[in-house]
Each structure stands twice: as C-alpha cells, then as structure tokens.
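Student: Below is the file work_0.cif, which contains mmCIF, C-alpha atoms.
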```cif
data_final
loop_
_atom_site.group_PDB
_atom_site.id
_atom_site.type_symbol
_atom_site.label_atom_id
_atom_site.label_comp_id
_atom_site.auth_asym_id
_atom_site.auth_seq_id
_atom_site.Cartn_x
_atom_site.Cartn_y
_atom_site.Cartn_z
ATOM 1 C CA MET A 220 -48.166 21.177 59.883
ATOM 2 C CA ASP A 221 -49.343 23.857 57.462
ATOM 3 C CA ILE A 222 -51.233 26.160 59.860
ATOM 4 C CA GLN A 223 -52.619 28.405 57.105
ATOM 5 C CA THR A 224 -54.123 25.485 55.196
ATOM 6 C CA ARG A 225 -55.506 23.996 58.389
ATOM 7 C CA LYS A 226 -57.223 27.284 59.260
ATOM 8 C CA LYS A 227 -58.668 27.578 55.742
ATOM 9 C CA TRP A 228 -60.284 24.163 55.995
ATOM 10 C CA ASP A 229 -61.340 24.662 59.612
ATOM 11 C CA ASP A 230 -63.210 27.744 58.375
ATOM 12 C CA ALA A 231 -64.590 25.875 55.365
ATOM 13 C CA SER A 232 -65.919 23.082 57.584
ATOM 14 C CA ARG A 233 -68.833 25.312 58.646
ATOM 15 C CA THR A 234 -70.341 25.388 55.142
ATOM 16 C CA TYR A 235 -68.670 22.345 53.587
ATOM 17 C CA ASP A 236 -71.668 20.033 53.599
ATOM 18 C CA PHE A 237 -73.953 22.767 52.270
ATOM 19 C CA PHE A 238 -71.839 23.059 49.115
ATOM 20 C CA ALA A 239 -70.576 19.471 48.834
ATOM 21 C CA ALA A 240 -73.764 17.496 49.440
ATOM 22 C CA VAL A 241 -74.843 17.872 45.820
ATOM 23 C CA ASP A 242 -71.652 16.137 44.640
ATOM 24 C CA ASP A 243 -72.770 12.937 46.342
ATOM 25 C CA ARG A 244 -76.079 13.024 44.497
ATOM 26 C CA ARG A 245 -74.550 13.803 41.101
ATOM 27 C CA LEU A 246 -71.313 11.835 41.363
ATOM 28 C CA GLY A 247 -72.108 9.279 44.071
ATOM 29 C CA SER A 248 -72.217 6.334 41.660
ATOM 30 C CA GLU A 249 -68.781 7.264 40.266
ATOM 31 C CA LYS A 250 -67.386 7.520 43.785
ATOM 32 C CA GLN A 251 -68.845 4.147 44.677
ATOM 33 C CA LYS A 252 -67.442 2.429 41.559
ATOM 34 C CA LEU A 253 -63.996 3.882 42.176
ATOM 35 C CA LEU A 254 -63.821 3.233 45.912
ATOM 36 C CA ALA A 255 -65.034 -0.346 45.421
ATOM 37 C CA LYS A 256 -61.530 -1.005 44.018
ATOM 38 C CA LEU A 257 -59.854 -0.326 47.374
ATOM 39 C CA ARG A 258 -57.864 -3.310 48.585
ATOM 40 C CA GLY A 259 -56.052 -4.306 51.775
ATOM 41 C CA LYS A 260 -54.965 -1.626 54.244
ATOM 42 C CA ALA A 261 -56.145 1.655 52.738
ATOM 43 C CA LEU A 262 -55.365 5.326 53.250
ATOM 44 C CA HIS A 263 -58.108 7.875 52.544
ATOM 45 C CA VAL A 264 -56.649 11.342 52.083
ATOM 46 C CA ALA A 265 -58.690 14.428 52.985
ATOM 47 C CA ALA A 266 -61.553 13.044 55.044
ATOM 48 C CA GLY A 267 -63.457 16.309 54.918
ATOM 49 C CA THR A 268 -66.649 15.878 56.910
ATOM 50 C CA GLY A 269 -66.722 12.170 56.091
ATOM 51 C CA ASN A 270 -69.032 12.301 53.093
ATOM 52 C CA ASP A 271 -67.077 9.570 51.295
ATOM 53 C CA TYR A 272 -67.451 6.995 54.052
ATOM 54 C CA LYS A 273 -70.813 5.740 52.858
ATOM 55 C CA PHE A 274 -69.144 4.756 49.564
ATOM 56 C CA PHE A 275 -66.362 2.658 51.127
ATOM 57 C CA PRO A 276 -66.701 -1.109 50.687
ATOM 58 C CA PRO A 277 -67.618 -2.677 54.049
ATOM 59 C CA GLY A 278 -65.189 -4.666 56.139
ATOM 60 C CA MET A 279 -62.015 -2.810 55.209
ATOM 61 C CA ASP A 280 -59.137 -1.476 57.296
ATOM 62 C CA ILE A 281 -59.003 2.242 56.435
ATOM 63 C CA VAL A 282 -57.112 5.213 57.847
ATOM 64 C CA SER A 283 -58.766 8.506 56.939
ATOM 65 C CA ILE A 284 -56.677 11.657 57.378
ATOM 66 C CA ASP A 285 -57.381 15.359 57.213
ATOM 67 C CA ILE A 286 -55.400 18.470 58.052
ATOM 68 C CA SER A 287 -58.420 20.114 59.686
ATOM 69 C CA PRO A 288 -59.507 19.096 63.196
ATOM 70 C CA LYS A 289 -62.872 20.811 62.640
ATOM 71 C CA MET A 290 -63.516 18.652 59.587
ATOM 72 C CA LEU A 291 -62.543 15.543 61.538
ATOM 73 C CA GLU A 292 -64.969 16.446 64.338
ATOM 74 C CA GLN A 293 -67.805 16.145 61.838
ATOM 75 C CA ALA A 294 -66.290 13.133 60.097
ATOM 76 C CA ARG A 295 -66.226 11.174 63.361
ATOM 77 C CA ILE A 296 -70.008 11.212 63.488
ATOM 78 C CA LYS A 297 -70.279 9.708 59.993
ATOM 79 C CA ALA A 298 -67.447 7.245 60.636
ATOM 80 C CA ALA A 299 -69.507 5.627 63.381
ATOM 81 C CA ASP A 300 -71.808 4.171 60.705
ATOM 82 C CA TYR A 301 -69.005 2.447 58.771
ATOM 83 C CA LYS A 302 -69.066 -1.369 58.986
ATOM 84 C CA GLY A 303 -65.332 -2.009 59.241
ATOM 85 C CA SER A 304 -62.220 -0.483 60.759
ATOM 86 C CA LEU A 305 -62.033 3.251 60.098
ATOM 87 C CA GLN A 306 -59.449 5.306 61.995
ATOM 88 C CA LEU A 307 -59.463 9.085 61.733
ATOM 89 C CA ARG A 308 -56.220 11.015 62.127
ATOM 90 C CA GLU A 309 -55.125 14.619 61.828
ATOM 91 C CA ALA A 310 -52.264 14.700 59.322
ATOM 92 C CA ASP A 311 -50.680 16.764 56.567
ATOM 93 C CA VAL A 312 -50.307 14.833 53.312
ATOM 94 C CA HIS A 313 -46.970 16.533 52.686
ATOM 95 C CA ASN A 314 -45.469 14.920 55.760
ATOM 96 C CA LEU A 315 -47.029 11.649 56.866
ATOM 97 C CA ASP A 316 -45.683 9.851 59.916
ATOM 98 C CA TYR A 317 -46.154 6.383 58.413
ATOM 99 C CA PRO A 318 -43.217 4.176 57.446
ATOM 100 C CA ASP A 319 -42.446 3.531 53.780
ATOM 101 C CA GLU A 320 -44.699 0.997 52.033
ATOM 102 C CA THR A 321 -47.452 0.915 54.662
ATOM 103 C CA PHE A 322 -50.627 0.917 52.559
ATOM 104 C CA ASP A 323 -51.989 -1.380 49.844
ATOM 105 C CA SER A 324 -54.208 1.298 48.329
ATOM 106 C CA ILE A 325 -54.918 5.007 48.626
ATOM 107 C CA ALA A 326 -58.060 6.973 47.798
ATOM 108 C CA THR A 327 -58.575 10.687 47.226
ATOM 109 C CA VAL A 328 -61.823 12.452 46.340
ATOM 110 C CA PHE A 329 -61.527 16.086 45.225
ATOM 111 C CA THR A 330 -58.337 16.396 47.234
ATOM 112 C CA PHE A 331 -55.438 17.377 44.995
ATOM 113 C CA CYS A 332 -57.218 20.535 43.916
ATOM 114 C CA SER A 333 -56.553 21.732 47.465
ATOM 115 C CA VAL A 334 -53.186 20.343 48.516
ATOM 116 C CA PRO A 335 -50.804 23.347 48.453
ATOM 117 C CA LYS A 336 -47.876 21.394 46.943
ATOM 118 C CA PRO A 337 -49.585 18.662 44.929
ATOM 119 C CA ILE A 338 -46.504 16.926 43.533
ATOM 120 C CA ALA A 339 -44.843 16.847 46.964
ATOM 121 C CA GLY A 340 -48.051 15.458 48.449
ATOM 122 C CA LEU A 341 -48.319 12.785 45.775
ATOM 123 C CA ARG A 342 -44.662 11.838 46.291
ATOM 124 C CA GLU A 343 -45.397 11.346 49.977
ATOM 125 C CA LEU A 344 -48.302 9.065 49.051
ATOM 126 C CA TYR A 345 -45.993 7.187 46.685
ATOM 127 C CA ARG A 346 -43.635 6.655 49.610
ATOM 128 C CA VAL A 347 -46.237 5.166 51.946
ATOM 129 C CA LEU A 348 -47.823 3.002 49.227
ATOM 130 C CA LYS A 349 -46.548 -0.547 48.871
ATOM 131 C CA PRO A 350 -44.928 -1.484 45.546
ATOM 132 C CA GLY A 351 -47.705 -2.712 43.279
ATOM 133 C CA GLY A 352 -50.232 -0.703 45.300
ATOM 134 C CA GLN A 353 -52.746 1.556 43.651
ATOM 135 C CA ILE A 354 -53.952 5.114 44.090
ATOM 136 C CA LEU A 355 -57.595 5.823 43.182
ATOM 137 C CA MET A 356 -58.568 9.422 42.606
ATOM 138 C CA LEU A 357 -61.695 11.357 41.695
ATOM 139 C CA GLU A 358 -60.482 14.858 40.908
ATOM 140 C CA HIS A 359 -61.463 17.965 39.010
ATOM 141 C CA VAL A 360 -58.844 19.389 36.680
ATOM 142 C CA ARG A 361 -58.321 22.169 34.144
ATOM 143 C CA SER A 362 -60.193 21.620 30.893
ATOM 144 C CA THR A 363 -57.977 21.267 27.856
ATOM 145 C CA ALA A 364 -60.659 20.189 25.372
ATOM 146 C CA ILE A 365 -62.737 23.357 25.749
ATOM 147 C CA GLY A 366 -60.454 26.422 25.633
ATOM 148 C CA PRO A 367 -62.837 29.035 27.101
ATOM 149 C CA VAL A 368 -63.707 26.726 29.979
ATOM 150 C CA GLY A 369 -60.022 26.403 30.814
ATOM 151 C CA ILE A 370 -59.748 30.200 30.897
ATOM 152 C CA MET A 371 -62.858 30.417 33.068
ATOM 153 C CA LEU A 372 -61.419 27.872 35.485
ATOM 154 C CA ASP A 373 -58.240 29.974 35.667
ATOM 155 C CA LEU A 374 -60.328 33.061 36.521
ATOM 156 C CA MET A 375 -62.489 31.212 39.048
ATOM 157 C CA THR A 376 -59.397 29.863 40.769
ATOM 158 C CA LEU A 377 -58.356 33.411 41.693
ATOM 159 C CA ILE A 378 -61.436 33.431 43.964
ATOM 160 C CA THR A 379 -61.896 29.787 44.964
ATOM 161 C CA ARG A 380 -58.262 29.470 46.087
ATOM 162 C CA LYS A 381 -59.033 31.850 48.992
ATOM 163 C CA LEU A 382 -61.940 29.713 50.186
ATOM 164 C CA GLY A 383 -60.954 26.188 49.185
ATOM 165 C CA PRO A 384 -59.796 24.469 46.013
ATOM 166 C CA ASP A 385 -57.929 25.415 42.846
ATOM 167 C CA LEU A 386 -60.038 24.532 39.793
ATOM 168 C CA ASN A 387 -57.303 24.520 37.177
ATOM 169 C CA ARG A 388 -54.722 21.927 38.108
ATOM 170 C CA ASP A 389 -53.128 19.295 35.878
ATOM 171 C CA THR A 390 -53.569 16.487 38.375
ATOM 172 C CA VAL A 391 -53.049 13.716 35.816
ATOM 173 C CA GLY A 392 -49.648 15.207 34.990
ATOM 174 C CA ASN A 393 -48.853 15.664 38.673
ATOM 175 C CA VAL A 394 -49.574 11.987 39.371
ATOM 176 C CA GLN A 395 -47.037 11.026 36.717
ATOM 177 C CA LYS A 396 -44.493 13.560 37.976
ATOM 178 C CA ALA A 397 -44.758 11.968 41.429
ATOM 179 C CA GLY A 398 -43.637 8.636 39.965
ATOM 180 C CA PHE A 399 -46.889 6.751 39.543
ATOM 181 C CA ARG A 400 -47.767 4.887 36.358
ATOM 182 C CA LEU A 401 -51.216 5.680 35.028
ATOM 183 C CA ARG A 402 -53.372 2.614 34.647
ATOM 184 C CA ARG A 403 -56.700 4.189 33.810
ATOM 185 C CA VAL A 404 -57.922 7.767 33.386
ATOM 186 C CA ALA A 405 -61.583 8.380 32.576
ATOM 187 C CA ASN A 406 -63.661 11.492 32.045
ATOM 188 C CA VAL A 407 -66.637 11.697 34.386
ATOM 189 C CA TYR A 408 -67.910 15.180 33.490
ATOM 190 C CA LEU A 409 -66.588 16.664 30.238
ATOM 191 C CA ASP A 410 -62.805 16.585 30.667
ATOM 192 C CA VAL A 411 -63.084 18.534 33.926
ATOM 193 C CA VAL A 412 -63.908 15.751 36.416
ATOM 194 C CA LYS A 413 -61.829 12.594 36.056
ATOM 195 C CA THR A 414 -61.175 9.303 37.758
ATOM 196 C CA ILE A 415 -57.474 8.510 37.872
ATOM 197 C CA GLU A 416 -56.141 5.061 38.713
ATOM 198 C CA ALA A 417 -52.389 4.737 39.016
ATOM 199 C CA VAL A 418 -49.920 2.275 40.470
ATOM 200 C CA ARG A 419 -46.561 2.301 42.195
ATOM 201 C CA ASP A 420 -44.637 0.119 39.832
ATOM 202 C CA ASP A 421 -41.349 -0.752 41.526
ATOM 203 C CA ALA A 422 -42.567 -4.181 42.636
ATOM 204 C CA MET B 214 -84.227 14.166 36.137
ATOM 205 C CA LEU B 215 -84.504 17.168 38.458
ATOM 206 C CA PHE B 216 -80.812 17.889 37.891
ATOM 207 C CA GLN B 217 -81.385 17.863 34.126
ATOM 208 C CA ILE B 218 -84.230 20.366 34.438
ATOM 209 C CA GLY B 219 -82.162 22.415 36.861
ATOM 210 C CA ASP B 220 -79.225 22.541 34.452
ATOM 211 C CA TYR B 221 -81.422 23.912 31.659
ATOM 212 C CA LEU B 222 -83.076 26.412 33.995
ATOM 213 C CA ALA B 223 -79.672 27.571 35.218
ATOM 214 C CA GLY B 224 -78.524 28.067 31.625
ATOM 215 C CA ALA B 225 -81.684 30.016 30.829
ATOM 216 C CA VAL B 226 -81.322 32.219 33.908
ATOM 217 C CA ILE B 227 -77.669 33.020 33.152
ATOM 218 C CA GLY B 228 -78.569 33.834 29.536
ATOM 219 C CA MET B 229 -81.507 36.045 30.576
ATOM 220 C CA VAL B 230 -79.644 37.952 33.272
ATOM 221 C CA THR B 231 -76.690 38.528 30.930
ATOM 222 C CA ALA B 232 -79.040 39.784 28.204
ATOM 223 C CA LEU B 233 -80.810 42.042 30.710
ATOM 224 C CA ILE B 234 -77.688 43.691 32.109
ATOM 225 C CA VAL B 235 -76.056 44.080 28.701
ATOM 226 C CA ARG B 236 -79.261 45.692 27.372
ATOM 227 C CA ILE B 237 -79.190 48.169 30.281
ATOM 228 C CA VAL B 238 -75.493 49.025 29.930
ATOM 229 C CA VAL B 239 -74.974 49.055 26.153
ATOM 230 C CA TRP B 240 -76.752 51.700 24.077
ATOM 231 C CA PRO B 241 -77.379 51.808 20.322
ATOM 232 C CA GLY B 242 -74.473 53.517 18.616
ATOM 233 C CA MET B 243 -71.858 52.476 21.172
ATOM 234 C CA ASP B 244 -68.586 51.388 19.587
ATOM 235 C CA MET B 245 -69.158 47.725 18.796
ATOM 236 C CA VAL B 246 -65.750 46.577 20.023
ATOM 237 C CA ILE B 247 -66.254 48.340 23.368
ATOM 238 C CA ALA B 248 -69.781 46.942 23.583
ATOM 239 C CA MET B 249 -68.549 43.402 22.969
ATOM 240 C CA LEU B 250 -65.797 43.742 25.572
ATOM 241 C CA ILE B 251 -68.284 45.121 28.107
ATOM 242 C CA GLY B 252 -70.672 42.294 27.284
ATOM 243 C CA TRP B 253 -67.901 39.742 27.725
ATOM 244 C CA GLY B 254 -66.980 41.185 31.117
ATOM 245 C CA ILE B 255 -70.597 41.369 32.289
ATOM 246 C CA GLY B 256 -71.330 37.821 31.142
ATOM 247 C CA THR B 257 -68.186 36.422 32.729
ATOM 248 C CA ILE B 258 -68.822 38.023 36.120
ATOM 249 C CA LEU B 259 -72.556 37.237 36.134
ATOM 250 C CA SER B 260 -72.056 33.612 35.174
ATOM 251 C CA MET B 261 -69.531 33.203 37.985
ATOM 252 C CA LEU B 262 -71.864 34.788 40.544
ATOM 253 C CA ILE B 263 -74.980 32.885 39.471
ATOM 254 C CA SER B 264 -73.079 29.601 39.237
ATOM 255 C CA PHE B 265 -71.787 30.119 42.763
ATOM 256 C CA LEU B 266 -75.301 30.857 44.042
ATOM 257 C CA LEU B 267 -76.754 27.775 42.333
ATOM 258 C CA SER B 268 -73.875 25.464 43.237
ATOM 259 C CA PRO B 269 -75.455 24.020 46.416
ATOM 260 C CA LEU B 270 -78.411 22.879 44.299
ATOM 261 C CA LEU B 271 -76.747 21.815 41.058
ATOM 262 C CA GLY B 272 -72.992 21.567 41.650
ATOM 263 C CA ILE B 273 -70.445 24.264 40.899
ATOM 264 C CA LEU B 274 -68.918 22.696 37.798
ATOM 265 C CA GLU B 275 -72.209 21.583 36.262
ATOM 266 C CA THR B 276 -73.513 25.152 36.406
ATOM 267 C CA MET B 277 -70.270 27.024 35.854
ATOM 268 C CA VAL B 278 -69.020 25.260 32.746
ATOM 269 C CA PRO B 279 -72.059 25.822 30.487
ATOM 270 C CA GLY B 280 -72.808 29.064 32.342
ATOM 271 C CA SER B 281 -69.377 30.501 31.598
ATOM 272 C CA LEU B 282 -69.774 29.832 27.884
ATOM 273 C CA THR B 283 -73.248 31.384 27.883
ATOM 274 C CA GLY B 284 -71.954 34.379 29.819
ATOM 275 C CA MET B 285 -68.806 34.973 27.782
ATOM 276 C CA TYR B 286 -70.146 34.367 24.298
ATOM 277 C CA GLY B 287 -73.679 35.561 25.060
ATOM 278 C CA GLY B 288 -72.360 38.761 26.605
ATOM 279 C CA MET B 289 -70.296 39.515 23.497
ATOM 280 C CA LEU B 290 -73.137 38.685 21.115
ATOM 281 C CA PHE B 291 -75.696 40.686 23.098
ATOM 282 C CA GLY B 292 -73.267 43.608 23.300
ATOM 283 C CA MET B 293 -72.785 43.537 19.534
ATOM 284 C CA ARG B 294 -76.521 43.306 18.904
ATOM 285 C CA ASP B 295 -77.464 46.075 21.319
ATOM 286 C CA SER B 296 -74.777 48.452 20.028
ATOM 287 C CA MET B 297 -76.252 48.039 16.553
ATOM 288 C CA ALA B 298 -79.888 48.057 17.755
ATOM 289 C CA ALA B 299 -80.283 45.015 15.551
ATOM 290 C CA GLY B 300 -83.149 42.675 16.454
ATOM 291 C CA SER B 301 -84.832 41.952 19.827
ATOM 292 C CA ARG B 302 -86.358 45.437 19.947
ATOM 293 C CA THR B 303 -88.146 44.893 23.266
ATOM 294 C CA MET B 304 -86.633 43.870 26.569
ATOM 295 C CA GLY B 305 -88.915 40.811 26.591
ATOM 296 C CA ALA B 306 -87.556 39.649 23.248
ATOM 297 C CA ALA B 307 -83.979 40.169 24.447
ATOM 298 C CA LEU B 308 -84.660 38.064 27.551
ATOM 299 C CA VAL B 309 -86.202 35.256 25.485
ATOM 300 C CA VAL B 310 -83.160 35.199 23.189
ATOM 301 C CA GLY B 311 -80.921 35.124 26.275
ATOM 302 C CA ALA B 312 -82.842 32.161 27.708
ATOM 303 C CA VAL B 313 -82.754 30.306 24.381
ATOM 304 C CA LEU B 314 -79.003 30.824 24.070
ATOM 305 C CA GLY B 315 -78.476 29.528 27.609
ATOM 306 C CA ILE B 316 -80.530 26.417 26.903
ATOM 307 C CA VAL B 317 -78.792 25.778 23.570
ATOM 308 C CA VAL B 318 -75.359 26.037 25.203
ATOM 309 C CA THR B 319 -76.481 23.652 27.956
ATOM 310 C CA VAL B 320 -77.702 21.151 25.348
ATOM 311 C CA ALA B 321 -74.382 21.448 23.512
ATOM 312 C CA MET B 322 -72.414 20.864 26.712
ATOM 313 C CA LYS B 323 -74.480 17.794 27.557
ATOM 314 C CA PHE B 324 -73.823 16.425 24.099
ATOM 315 C CA TYR B 325 -70.116 17.185 24.432
ATOM 316 C CA ASP B 326 -70.094 15.528 27.853
ATOM 317 C CA HIS B 327 -71.601 12.423 26.253
ATOM 318 C CA VAL B 328 -68.838 12.464 23.618
ATOM 319 C CA LEU B 329 -65.989 12.984 26.091
ATOM 320 C CA ARG B 330 -67.212 10.679 28.870
ATOM 321 C CA GLY B 331 -65.302 7.467 29.455
ATOM 322 C CA PRO B 332 -61.722 6.232 29.511
ATOM 323 C CA VAL B 333 -58.981 8.279 27.886
ATOM 324 C CA ILE B 334 -56.137 6.060 29.136
ATOM 325 C CA GLU B 335 -56.596 2.355 29.780
ATOM 326 C CA THR B 336 -53.633 0.046 29.959
ATOM 327 C CA GLY B 337 -55.699 -3.069 30.592
ATOM 328 C CA ASP B 338 -53.591 -4.425 33.491
#
```
Transcribe the structure of this file into structure tokens.
Tutor:
Amino acid sequence: MDIQTRKKWDDASRTYDFFAAVDDRRLGSEKQKLLAKLRGKALHVAAGTGNDYKFFPPGMDIVSIDISPKMLEQARIKAADYKGSLQLREADVHNLDYPDETFDSIATVFTFCSVPKPIAGLRELYRVLKPGGQILMLEHVRSTAIGPVGIMLDLMTLITRKLGPDLNRDTVGNVQKAGFRLRRVANVYLDVVKTIEAVRDDA
Amino acid sequence: MLFQIGDYLAGAVIGMVTALIVRIVVWPGMDMVIAMLIGWGIGTILSMLISFLLSPLLGILETMVPGSLTGMYGGMLFGMRDSMAAGSRTMGAALVVGAVLGIVVTVAMKFYDHVLRGPVIETGD
C-alpha cells in the first residue's frame, strides 16, 4: 500500500466535497451517460467520497475501491442509498488482490490524474478485466489543441500535485500503453476533459 | 444558465484584476519587453489564484482554462500598453478593457469548446 498517497487523499477527504460538488452539477449528465454503459460485475476505481454512486445504473453488482480509508468512511454513507449491490473496499489500484479476469467492466471518474504510476495501474485493471470487457473513463488530460492551456496545466500541476491530481497527463496514451484498445474517445470540455471507452481485446 | 453567467463574470474579474495590478506595477517608459514579461507573470499567477478561489462555484477547469489565457495574454498586452502610456488613460478605463478582454476570451473558449466537443475516436463496435 502506498502510504504517502493514502495520507494525501485522507487529508484531501476533509475538503473533497467542497471542491468536487460542482463537477456533479456541470458534468453529471456526462457521468450518467458513461456509467450507464456498465455491464455485469463492475469495478469502480477511486470511490472518493462516493459522489459517483448516484450515477450508477440500479441493480448492478459493483465493487468500489479507494486507497483512502477516510474517503471510504464518507462514501459508505452515500453507498447506503444505492439500489443494488455496492461493496466498498480499501485497495491500491497498483496491486489489486482480485484474480485475473474477475470483472466485466471497470469505471473511473477523474482517477488517473491521481494514480502515481498510471500505466502500472491501468495494466493492473487490464489484468482483472475479463477478455472483451470494457473500461469506461471520465478523465481530465493535458490540452494539445490549445498550446498555452497545455503550458498552464503544466504549471498548475506543480501545485495541484501536492494536494491532489496532476492536470497534464496523457491518459488516452496511457490507456493504449496498458494494452487496451480504444473504442471511443470524446471531448467533453474542450480537449481537456474526455470520456474514454476502451476494451480488453484478447477474447 | 447560472454557470454561463458565472463563467463570464469570472473572465471579467480575472481581466480586471490583471489590468489593475499591471497598471500599478508597470510605469510609462518602462522597457516594453520587461513590462510584457512582468505582465505575463502577474496574469499567470493571478489567474491561477482566482481560478482556485472560484473553483468550488464554477469548477477549476472551467475557470482556469479561459482565465489562464486572459491572464497570460492580457497581462502581456496590458504591460505593453502601460509601458507606452497608450490608451486607457484612467484606471477605470483600464479596468473596463480588462473586463472586456476577459469576456471576449470566455466567449472564444465557449465557441472553441463547441467546435471540439464530441467524439475524436469512434470505432463503431
């Protein structure tokens, strides 16, 4: 378990909802559309305080993990409202204790901006995903279409990295490097916030 | 709708505050290159700070992306103008120009968002 990362997110849990609540109001419909595509036994990576649970389709079998026990304490309260099976577990995405090919689908929402080793984390998700399974991601990435914005995101990351996420990652590229095949990538806000749908192809 | 209004207000505030601080720091006759670099630095730092403060209301990216462009380019332009003492002779006029620039950049970003939005890869399976 990455103790440093866990402490960072334990600390962030105190103000997380204050800063993240607005994302649900601005991007809630995108989250809902994406998460509606979850199928079968699903893994939700980075539960946070459970803000995504209200967007899960009802009646599913979902495991929601987070590295931070303080985040999970808050998530448990929101999980109680979910109409389906929703298990919460403390886990590090770099080292999951699930057998190979356990899940039919995986969801991440603003997660791989924060995972310390994103390609290693995505490879671990590839391992636990069944062949033919899909990963659904809503992520913010470095802008390539607007040069100055990319530079600004690089500068901001020097600060935000201490408190939470990196703002300048190439998550689409990382998904491919982990072995997934991209099925759909869409811009949600400029080219900075994207939905990424990818599959494990070795069916 | 409130988010749309908030985005424009945020752009205006970032433009005004950048114009204000640049006007205070840069004096007529200052080397224009130095003035533009100072303006760039001021605008960059201010836009980051204001975006962070407004992020619980409007979202960090929605304020920071247009705000950073207003701050960086506005700071340089205001620095150039103020070093030459060209136009916007009163502080009030400088603030209005700052607000207008912030709103124009926000409009441009919304248009660009409209252009970029949607699928960039779609395999159809």
Student: The PyMOL selection byres ((chain B) within 9 of (chain A)) on the file shown: which residues, as an mmCIF file with C-alpha atoms, keeping the file's coordinate frame?
Tutor:
```
data_model
loop_
_atom_site.group_PDB
_atom_site.id
_atom_site.type_symbol
_atom_site.label_atom_id
_atom_site.label_comp_id
_atom_site.auth_asym_id
_atom_site.auth_seq_id
_atom_site.Cartn_x
_atom_site.Cartn_y
_atom_site.Cartn_z
ATOM 1 C CA PHE B 216 -80.812 17.889 37.891
ATOM 2 C CA THR B 257 -68.186 36.422 32.729
ATOM 3 C CA MET B 261 -69.531 33.203 37.985
ATOM 4 C CA SER B 268 -73.875 25.464 43.237
ATOM 5 C CA PRO B 269 -75.455 24.020 46.416
ATOM 6 C CA LEU B 270 -78.411 22.879 44.299
ATOM 7 C CA LEU B 271 -76.747 21.815 41.058
ATOM 8 C CA GLY B 272 -72.992 21.567 41.650
ATOM 9 C CA ILE B 273 -70.445 24.264 40.899
ATOM 10 C CA LEU B 274 -68.918 22.696 37.798
ATOM 11 C CA GLU B 275 -72.209 21.583 36.262
ATOM 12 C CA MET B 277 -70.270 27.024 35.854
ATOM 13 C CA VAL B 278 -69.020 25.260 32.746
ATOM 14 C CA PRO B 279 -72.059 25.822 30.487
ATOM 15 C CA SER B 281 -69.377 30.501 31.598
ATOM 16 C CA LEU B 282 -69.774 29.832 27.884
ATOM 17 C CA MET B 285 -68.806 34.973 27.782
ATOM 18 C CA MET B 322 -72.414 20.864 26.712
ATOM 19 C CA LYS B 323 -74.480 17.794 27.557
ATOM 20 C CA TYR B 325 -70.116 17.185 24.432
ATOM 21 C CA ASP B 326 -70.094 15.528 27.853
ATOM 22 C CA HIS B 327 -71.601 12.423 26.253
ATOM 23 C CA VAL B 328 -68.838 12.464 23.618
ATOM 24 C CA LEU B 329 -65.989 12.984 26.091
ATOM 25 C CA ARG B 330 -67.212 10.679 28.870
ATOM 26 C CA GLY B 331 -65.302 7.467 29.455
ATOM 27 C CA PRO B 332 -61.722 6.232 29.511
ATOM 28 C CA VAL B 333 -58.981 8.279 27.886
ATOM 29 C CA ILE B 334 -56.137 6.060 29.136
ATOM 30 C CA GLU B 335 -56.596 2.355 29.780
ATOM 31 C CA THR B 336 -53.633 0.046 29.959
ATOM 32 C CA GLY B 337 -55.699 -3.069 30.592
ATOM 33 C CA ASP B 338 -53.591 -4.425 33.491
#
```
Student: By how many Å are CA of Gln251 in chain A and CA of Ala326 in chain A apart?
Tutor: 11.6 Å
Student: So what do you get for CA of Met356 in chain A versus CA of Ile222 in chain A, distance-wise?
Tutor: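 Here the two named atoms are 25.1 Å from each other.
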Student: Hey, what's within 12 Å of Arg294 in chain B if we count only C-alpha atoms and toss same-chain stuff fewer than 5 positions away? As a list in words, please?
Tutor: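 Here the qualifying residues turn out to be Ala232, Val235, Arg236, Val239, Trp240, Pro241, Gly242, Met243, Asp244, Met245, Val246, Ala248, Met249, Gly252, Gly287, Gly288, Met289, Ala299, Gly300, Ser301, Arg302, Ala307, Val310 and Gly311 of chain B.
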Student: What do you get, as a list of chain:residue names, if you spell out every residue that the PyMOL selection byres ((chain A and resi 301) around 9) selects here?
Tutor: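 This file, filtered by the PyMOL selection byres ((chain A and resi 301) around 9), leaves A:Tyr272, A:Lys273, A:Phe275, A:Pro277, A:Gly278, A:Lys297, A:Ala298, A:Ala299, A:Asp300, A:Lys302, A:Gly303, A:Ser304, A:Leu305.
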Student: Would you kindly translate the PyMOL selection byres ((chain A and resi 227-234) around 6) into the concrete residues it picks from this file, as a PyMOL selection string?
Tutor: chain A and resi 224-226+235-237+287+289-290
Student: Skipping near chain neighbours, those fewer than 5 positions away, what residues fall within 8 Å of Ala310 in chain A using all atoms listed in the file, listed as a count of residues only?
Tutor: 5
Student: What does the structure give for the distance between CA of Ala265 in chain A and CA of Gly398 in chain A, in Å to one decimal?
Tutor: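 If I compute the distance from CA of Ala265 in chain A to CA of Gly398 in chain A, I get 20.7 Å.
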Student: Neighbours of range 344-354 of chain A within 8 Å (all atoms listed in the file; same-chain residues fewer than 4 positions away dropped), as a PyMOL selection string?
Tutor: chain A and resi 312+317-327+340+397-399+415-422
Student: Counting only C-alpha atoms, which of B:Ile263, B:Ala321, B:Ile255, B:Leu250 gets nearest to Met293 in chain B?
Tutor: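 Closest to Met293 in chain B of all the choices is B:Leu250.
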Student: If you count only C-alpha atoms, which residues fall within 8 Å of Pro276 in chain A, apart from same-chain ones fewer than 2 positions away, as a PyMOL selection string?
Tutor: chain A and resi 254-255+257+274+278-279
Student: Give me, as a count of residues only, all polymer residues having an atom no more than 9 Å from Gly224 in chain B, counting all atoms listed in the file and skipping those fewer than 4 positions away in the same chain.
Tutor: 16
